[in-house]
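Raw work.cif, mmCIF, C-alpha atoms:
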data_coords
#
loop_
_atom_site.label_atom_id
_atom_site.label_comp_id
_atom_site.auth_asym_id
_atom_site.auth_seq_id
_atom_site.Cartn_x
_atom_site.Cartn_y
_atom_site.Cartn_z
CA MET A 1 102.87 -18.04 6.68
CA SER A 2 100.41 -19.12 3.95
CA ARG A 3 100.51 -17.11 0.74
CA SER A 4 96.78 -17.76 0.25
CA LEU A 5 93.69 -15.85 1.36
CA GLN A 6 91.48 -18.92 1.15
CA GLY A 7 88.64 -18.72 3.64
CA LYS A 8 89.57 -15.20 4.75
CA THR A 9 86.94 -12.46 4.77
CA LEU A 10 87.81 -9.08 3.28
CA PHE A 11 85.87 -5.84 3.70
CA VAL A 12 86.74 -3.71 0.67
CA THR A 13 85.57 -0.12 0.15
CA GLY A 14 85.25 1.43 -3.30
CA ALA A 15 84.85 -2.12 -4.56
CA SER A 16 82.59 -1.68 -7.56
CA ARG A 17 85.40 -1.07 -10.05
CA GLY A 18 89.07 -0.21 -10.53
CA ILE A 19 91.68 -0.89 -7.89
CA GLY A 20 89.24 -2.02 -5.19
CA LEU A 21 87.68 -4.59 -7.49
CA ALA A 22 91.10 -5.79 -8.71
CA ILE A 23 92.23 -6.43 -5.11
CA ALA A 24 88.96 -8.21 -4.36
CA LEU A 25 89.27 -10.38 -7.48
CA ARG A 26 92.82 -11.42 -6.58
CA ALA A 27 91.58 -12.50 -3.16
CA ALA A 28 88.59 -14.28 -4.69
CA ALA A 29 90.97 -16.34 -6.86
CA ASP A 30 92.25 -17.83 -3.58
CA GLY A 31 88.72 -18.62 -2.45
CA ALA A 32 88.21 -15.61 -0.16
CA ASN A 33 84.95 -14.09 1.00
CA VAL A 34 84.50 -10.44 0.08
CA VAL A 35 82.18 -7.83 1.56
CA LEU A 36 81.91 -5.34 -1.29
CA VAL A 37 81.17 -1.79 -0.16
CA ALA A 38 80.43 1.06 -2.58
CA LYS A 39 77.70 3.50 -3.57
CA THR A 40 77.27 2.52 -7.23
CA THR A 41 74.17 0.37 -7.59
CA GLU A 42 72.93 1.62 -10.97
CA PRO A 43 74.97 1.58 -14.21
CA ASN A 44 76.62 4.87 -15.10
CA PRO A 45 77.60 5.46 -18.74
CA LYS A 46 80.74 7.34 -17.64
CA LEU A 47 81.80 4.86 -14.95
CA PRO A 48 81.25 1.23 -15.92
CA GLY A 49 80.57 -1.35 -13.22
CA THR A 50 78.23 -1.57 -10.24
CA LEU A 51 78.38 -3.23 -6.86
CA TYR A 52 76.32 -6.11 -8.23
CA SER A 53 78.36 -6.67 -11.39
CA ALA A 54 81.45 -6.68 -9.15
CA ALA A 55 79.86 -9.34 -6.94
CA GLU A 56 79.19 -11.50 -10.01
CA GLN A 57 82.86 -11.22 -10.97
CA ILE A 58 83.96 -12.21 -7.46
CA VAL A 59 81.85 -15.37 -7.61
CA ALA A 60 83.09 -16.18 -11.11
CA ALA A 61 86.68 -15.79 -9.87
CA GLY A 62 86.13 -18.40 -7.15
CA GLY A 63 85.17 -16.34 -4.11
CA GLN A 64 82.01 -15.54 -2.21
CA ALA A 65 80.56 -12.03 -2.37
CA LEU A 66 78.26 -9.89 -0.29
CA PRO A 67 77.51 -6.56 -1.97
CA VAL A 68 76.41 -3.90 0.54
CA PRO A 69 75.48 -0.45 -0.85
CA THR A 70 77.15 1.95 1.58
CA ASP A 71 78.19 5.59 1.84
CA ILE A 72 81.26 5.28 4.07
CA ARG A 73 80.76 8.88 5.25
CA ASP A 74 77.73 7.57 7.18
CA ASP A 75 78.91 5.76 10.31
CA ASN A 76 75.54 4.06 10.83
CA ALA A 77 75.69 2.69 7.28
CA VAL A 78 79.26 1.47 7.84
CA ALA A 79 78.26 -0.25 11.09
CA ALA A 80 75.38 -1.95 9.27
CA ALA A 81 77.67 -3.10 6.44
CA VAL A 82 80.19 -4.55 8.90
CA ALA A 83 77.38 -6.31 10.80
CA ALA A 84 76.03 -7.77 7.55
CA GLY A 85 79.48 -9.07 6.61
CA VAL A 86 80.00 -10.65 10.03
CA GLU A 87 76.55 -12.24 9.93
CA ARG A 88 77.19 -13.71 6.47
CA PHE A 89 80.79 -14.85 6.85
CA GLY A 90 81.35 -15.10 10.60
CA GLY A 91 83.92 -12.33 10.97
CA ILE A 92 86.28 -9.93 9.18
CA ASP A 93 89.98 -10.67 8.71
CA ILE A 94 91.05 -7.91 6.35
CA LEU A 95 89.97 -4.32 5.74
CA VAL A 96 90.97 -2.59 2.52
CA ASN A 97 90.35 1.17 2.69
CA ASN A 98 90.36 1.89 -1.03
CA ALA A 99 87.45 4.32 -1.49
CA SER A 100 88.71 7.78 -2.32
CA ALA A 101 87.59 11.10 -3.76
CA ILE A 102 89.89 13.28 -5.85
CA SER A 103 89.95 16.87 -7.03
CA LEU A 104 93.26 18.18 -8.33
CA THR A 105 92.31 21.81 -7.82
CA SER A 106 93.96 24.87 -6.35
CA THR A 107 92.65 26.47 -3.19
CA ALA A 108 90.61 29.09 -5.08
CA ALA A 109 89.17 26.44 -7.38
CA THR A 110 88.13 23.94 -4.68
CA PRO A 111 84.48 24.38 -3.62
CA MET A 112 83.99 23.57 0.05
CA LYS A 113 81.50 20.88 -0.96
CA ARG A 114 84.31 19.12 -2.82
CA PHE A 115 86.70 19.69 0.12
CA ASP A 116 84.15 18.09 2.45
CA LEU A 117 83.67 15.15 0.06
CA MET A 118 87.40 14.39 -0.03
CA PHE A 119 87.78 14.61 3.73
CA GLY A 120 84.52 12.74 4.30
CA VAL A 121 85.48 9.80 2.09
CA ASN A 122 89.26 9.69 2.36
CA VAL A 123 89.89 10.59 5.99
CA ARG A 124 86.63 10.12 7.88
CA GLY A 125 85.65 7.08 5.83
CA THR A 126 88.98 5.37 6.41
CA PHE A 127 88.89 6.08 10.14
CA CYS A 128 85.22 5.06 10.41
CA CYS A 129 85.64 1.73 8.58
CA THR A 130 88.74 0.92 10.62
CA GLN A 131 86.94 1.69 13.87
CA ALA A 132 83.92 -0.40 12.88
CA CYS A 133 86.02 -3.40 11.81
CA LEU A 134 88.41 -3.21 14.76
CA PRO A 135 86.59 -5.58 17.19
CA HIS A 136 86.36 -8.21 14.46
CA LEU A 137 89.99 -7.78 13.41
CA ALA A 138 90.99 -8.20 17.06
CA ARG A 139 88.99 -11.44 17.23
CA SER A 140 90.65 -12.57 14.02
CA ALA A 141 94.05 -11.96 15.62
CA LYS A 142 93.13 -13.98 18.71
CA ALA A 143 92.06 -16.82 16.42
CA GLY A 144 95.44 -16.71 14.63
CA ARG A 145 93.94 -15.58 11.33
CA ASN A 146 96.53 -12.88 10.54
CA PRO A 147 94.36 -9.73 10.27
CA HIS A 148 95.39 -6.73 8.20
CA VAL A 149 94.25 -3.20 7.41
CA LEU A 150 95.47 -1.90 4.04
CA ASN A 151 95.03 1.78 3.19
CA MET A 152 95.45 2.82 -0.43
CA SER A 153 97.39 5.95 0.37
CA PRO A 154 100.82 7.45 -0.28
CA PRO A 155 104.02 7.73 1.72
CA LEU A 156 103.97 10.82 3.93
CA SER A 157 106.09 13.73 2.78
CA MET A 158 106.46 17.33 3.87
CA LYS A 159 107.78 18.51 0.49
CA PRO A 160 105.83 21.60 -0.63
CA HIS A 161 105.57 20.49 -4.27
CA TRP A 162 103.14 17.72 -3.25
CA PHE A 163 100.86 20.32 -1.67
CA ARG A 164 101.25 23.38 -3.86
CA ASP A 165 98.86 22.58 -6.71
CA HIS A 166 96.17 20.65 -4.81
CA VAL A 167 96.37 21.33 -1.08
CA ALA A 168 92.95 19.87 -0.26
CA TYR A 169 93.50 16.57 -2.09
CA THR A 170 96.98 16.12 -0.65
CA MET A 171 95.76 16.73 2.90
CA ALA A 172 92.93 14.25 2.40
CA LYS A 173 95.20 11.49 1.06
CA TYR A 174 97.82 12.15 3.73
CA GLY A 175 95.02 11.87 6.29
CA MET A 176 94.60 8.24 5.20
CA SER A 177 98.35 7.74 5.56
CA GLU A 178 98.28 9.25 9.03
CA CYS A 179 95.71 6.57 9.90
CA THR A 180 98.31 4.00 8.80
CA LEU A 181 101.02 5.61 10.91
CA GLY A 182 98.86 5.85 14.02
CA HIS A 183 96.86 2.65 13.76
CA ALA A 184 99.94 0.53 13.06
CA ALA A 185 101.35 1.60 16.41
CA GLU A 186 98.01 1.44 18.21
CA PHE A 187 97.02 -2.01 16.93
CA GLN A 188 100.42 -3.72 17.01
CA PRO A 189 99.82 -5.10 20.53
CA LEU A 190 96.63 -6.69 19.14
CA GLY A 191 98.49 -8.43 16.32
CA ILE A 192 96.80 -6.43 13.54
CA GLY A 193 99.01 -5.29 10.66
CA VAL A 194 98.31 -1.82 9.21
CA ASN A 195 100.05 -0.70 6.02
CA SER A 196 99.68 1.65 3.06
CA LEU A 197 100.13 0.80 -0.61
CA TRP A 198 100.62 3.29 -3.44
CA PRO A 199 101.44 3.02 -7.16
CA ARG A 200 104.62 4.38 -8.72
CA THR A 201 102.78 5.08 -11.97
CA ALA A 202 99.30 6.25 -12.84
CA ILE A 203 96.80 3.37 -12.88
CA ALA A 204 94.26 3.03 -15.68
CA THR A 205 90.86 3.23 -14.01
CA ALA A 206 87.50 4.64 -15.02
CA ALA A 207 87.97 7.41 -12.45
CA LEU A 208 91.25 8.44 -14.08
CA GLN A 209 89.44 8.80 -17.40
CA MET A 210 87.49 11.65 -15.85
CA ILE A 211 90.67 13.72 -15.45
CA PRO A 212 91.35 15.76 -18.61
CA GLY A 213 94.56 15.15 -20.48
CA VAL A 214 95.42 11.72 -19.03
CA ASP A 215 96.40 9.13 -21.64
CA LEU A 216 95.44 5.72 -20.24
CA ASN A 217 97.81 4.10 -22.72
CA LEU A 218 100.68 5.50 -20.61
CA CYS A 219 99.43 3.85 -17.42
CA ARG A 220 99.64 0.49 -15.70
CA LYS A 221 96.68 -1.77 -14.99
CA PRO A 222 95.10 -2.16 -11.53
CA GLU A 223 96.40 -5.74 -11.38
CA ILE A 224 99.83 -4.50 -10.29
CA LEU A 225 98.27 -3.13 -7.10
CA ALA A 226 96.21 -6.30 -6.67
CA ASP A 227 99.34 -8.46 -6.77
CA ALA A 228 101.21 -6.13 -4.42
CA ALA A 229 98.25 -6.03 -2.03
CA HIS A 230 98.12 -9.83 -2.03
CA LEU A 231 101.74 -9.96 -0.89
CA ILE A 232 101.01 -7.59 1.99
CA LEU A 233 97.80 -9.30 3.06
CA THR A 234 99.46 -12.72 3.17
CA SER A 235 102.49 -11.49 5.14
CA ASP A 236 102.81 -11.83 8.91
CA ALA A 237 100.64 -9.09 10.40
CA ARG A 238 102.71 -9.07 13.60
CA THR A 239 105.87 -8.01 11.78
CA THR A 240 104.61 -6.41 8.56
CA THR A 241 103.04 -3.22 9.85
CA GLY A 242 103.53 0.54 9.63
CA ASN A 243 104.92 0.39 6.08
CA PHE A 244 104.27 2.66 3.11
CA PHE A 245 104.78 0.27 0.22
CA ILE A 246 105.24 1.24 -3.43
CA ASP A 247 103.78 -1.39 -5.75
CA ASP A 248 106.66 -2.19 -8.11
CA THR A 249 109.34 -1.95 -5.42
CA LEU A 250 107.47 -4.46 -3.25
CA LEU A 251 106.92 -6.83 -6.16
CA GLU A 252 110.56 -6.59 -7.25
CA GLU A 253 111.69 -7.38 -3.72
CA ASN A 254 109.55 -10.51 -3.95
CA GLY A 255 111.02 -11.77 -7.20
CA VAL A 256 108.83 -10.15 -9.85
CA THR A 257 110.93 -9.12 -12.86
CA ASP A 258 108.35 -8.72 -15.64
CA PHE A 259 106.52 -5.42 -15.16
CA ASP A 260 105.66 -5.07 -18.83
CA ARG A 261 102.64 -7.32 -18.31
CA TYR A 262 101.12 -4.66 -16.08
CA ALA A 263 101.34 -1.93 -18.73
CA VAL A 264 98.14 -1.03 -20.57
CA VAL A 265 100.28 -1.05 -23.72
CA PRO A 266 103.17 -3.52 -23.28
CA GLY A 267 106.49 -2.02 -24.27
CA THR A 268 105.59 1.48 -23.10
CA LYS A 269 108.63 3.13 -21.51
CA ASN A 270 107.45 6.61 -20.52
CA LEU A 271 104.72 5.71 -18.05
CA ILE A 272 102.96 8.57 -16.27
CA PRO A 273 104.31 8.85 -12.72
CA ASP A 274 101.75 8.96 -9.96
CA PHE A 275 101.64 11.67 -7.30
CA PHE A 276 103.57 11.60 -4.03
CA VAL A 277 106.47 9.39 -5.15
CA ASP A 278 109.78 11.25 -5.47
#

Could I get this structure in the form of structure tokens?
Amino acid sequence: MSRSLQGKTLFVTGASRGIGLAIALRAAADGANVVLVAKTTEPNPKLPGTLYSAAEQIVAAGGQALPVPTDIRDDNAVAAAVAAGVERFGGIDILVNNASAISLTSTAATPMKRFDLMFGVNVRGTFCCTQACLPHLARSAKAGRNPHVLNMSPPLSMKPHWFRDHVAYTMAKYGMSECTLGHAAEFQPLGIGVNSLWPRTAIATAALQMIPGVDLNLCRKPEILADAAHLILTSDARTTTGNFFIDDTLLEENGVTDFDRYAVVPGTKNLIPDFFVD
């Protein structure tokens, strides 16, 4: 099994910045084609990076890019984005469901508009993009191109402490993970691998900066998830499926020993743990 994504076509949601962009850039370094899907088309002073600046970075990294402004809550828009990617690159081999909305609020403090946003993006968006890409992933499998779906979502747990302080967010993220659980079993006969990936520590992204009290200097960089995702996406889709991978554990199992290079501040020992990892 080749450890390269050269010539493969990825459909990446939430691709304008952060983790989605890091995964896309790692693939582009191999010479991959990337359909970049996100809503950000105009610069935002609070959230640097747009779909078009991301596309420029993909090309500079050695890949080909097709930026498609898309609200993944809109199934017609998703279908159009998938069609545009297939028209440009001839198919889709990999789907990365990275787009996500977060609100770490209690039940009383969660407006229903915010609840609907999290379920619309995290759960419905993941299901919708997977459904829209499915025929093309199935064709990729028949052509022996090793298709994968990767959901950026946590291992499932029924422990109350992961629900107590932010029921709505937890349900929305676990909804993505339930897609992994179900689709891995459903698509295995087709030869499509479906897995989840989640960080052990908080990851320094522009979105995390919006959460009060988070010190980005106690986080790791998105590149740790990009390297872990690359390992998953280059593994055999027929046998690597239905897993809930944790980034550093996966990397360590594949021979990575230097995790200090992923720290925002090398040498930091007390990194902020992420949610959902006991």

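What separates CA of Ser103 (chain A) from CA of Ile246 (chain A) is a distance of 22.2 Å.
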
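From CA of Leu21 (chain A) back to CA of Asn195 (chain A), the distance works out to 18.7 Å.
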
- request: Would you kindly translate the PyMOL selection byres ((chain A and resi 67-78) around 7) into the concrete residues it picks from this file, as a ChimeraX atom specification?
  value: /A:35-39,41,51-52,55,65-66,79-82,120-121,124-125,128-129

message: What's around Arg139 (chain A) at 12 Å? Count all atoms listed in the file, leave out sequence neighbours fewer than 3 positions away in its own chain, and write the answer as a PyMOL selection string.
response: chain A and resi 86+90-94+133-136+142-147+190-192

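Considering only C-alpha atoms, the residue among A:Leu208, A:Arg3, A:Arg88, A:Leu95 positioned nearest to Ser140 (chain A) is A:Leu95.
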
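Computed from the coordinates, the CA of Ala206 (chain A) to CA of Arg17 (chain A) distance equals 7.9 Å.
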
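The shortest atom-to-atom distance to Trp162 (chain A), with only C-alpha atoms taken into account, belongs to A:Phe275 out of A:Gln57, A:Thr40, A:Leu47, A:Phe275.
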
- prompt: Quick one: residues within 12 Å of Val256 (chain A), all atoms listed in the file counted, chain neighbours fewer than 5 positions away excluded, as a list in words?
  reply: Ile224, Asp227, Ala228, Leu231, Asp247, Asp248, Thr249, Leu250, Leu251, Arg261 and Tyr262 of chain A

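Distances to Gly242 (chain A) were evaluated for A:Leu181, A:Val167, A:Ala229, A:Ala172 using only C-alpha atoms, and the minimum falls at A:Leu181.
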
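You can rank A:Ser153, A:Asn33, A:Thr239, A:Thr110 by their closest distance to Gln188 (chain A) using all atoms listed in the file, and at the top of that list sits A:Thr239.
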
- request: With the file shown as input, list the residues that the PyMOL selection byres ((chain A and resi 168) around 12) selects, as a ChimeraX atom specification.
  value: /A:101-120,122-123,162-167,169-175

- request: Could you give me, as a list in words, the residues within 10 Å of Pro266 (chain A), counting only C-alpha atoms and dropping anything in the same chain fewer than 5 positions from it?
  value: Asn217, Leu218, Arg220, Phe259, Asp260 and Arg261 of chain A

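Of the residues under consideration (A:Val264, A:Leu233, A:Val96, A:Ala185), A:Val264 shows the shortest atom-to-atom contact distance to Ala202 (chain A) when counting only C-alpha atoms.
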
message: With all atoms listed in the file as the counted atoms, please give the residues lying no more than 8 Å from Trp198 (chain A), apart from itself and same-chain residues fewer than 2 positions off, as an MDAnalysis selection string.
response: chainID A and resid 152:155 196 200 225 244:247

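Around Ala27 (chain A), within 9 Å and counting all atoms listed in the file, the residues found are Ser4, Leu5, Gln6, Lys8, Leu10, Ala22, Ile23, Ala24, Leu25, Ala29, Asp30, Gly31, Ala32, Asn33, Val34, Ile58, Ala61, Gly62, Gly63, Ala226 and His230 of chain A, once anything fewer than 2 positions away on its own chain is removed.
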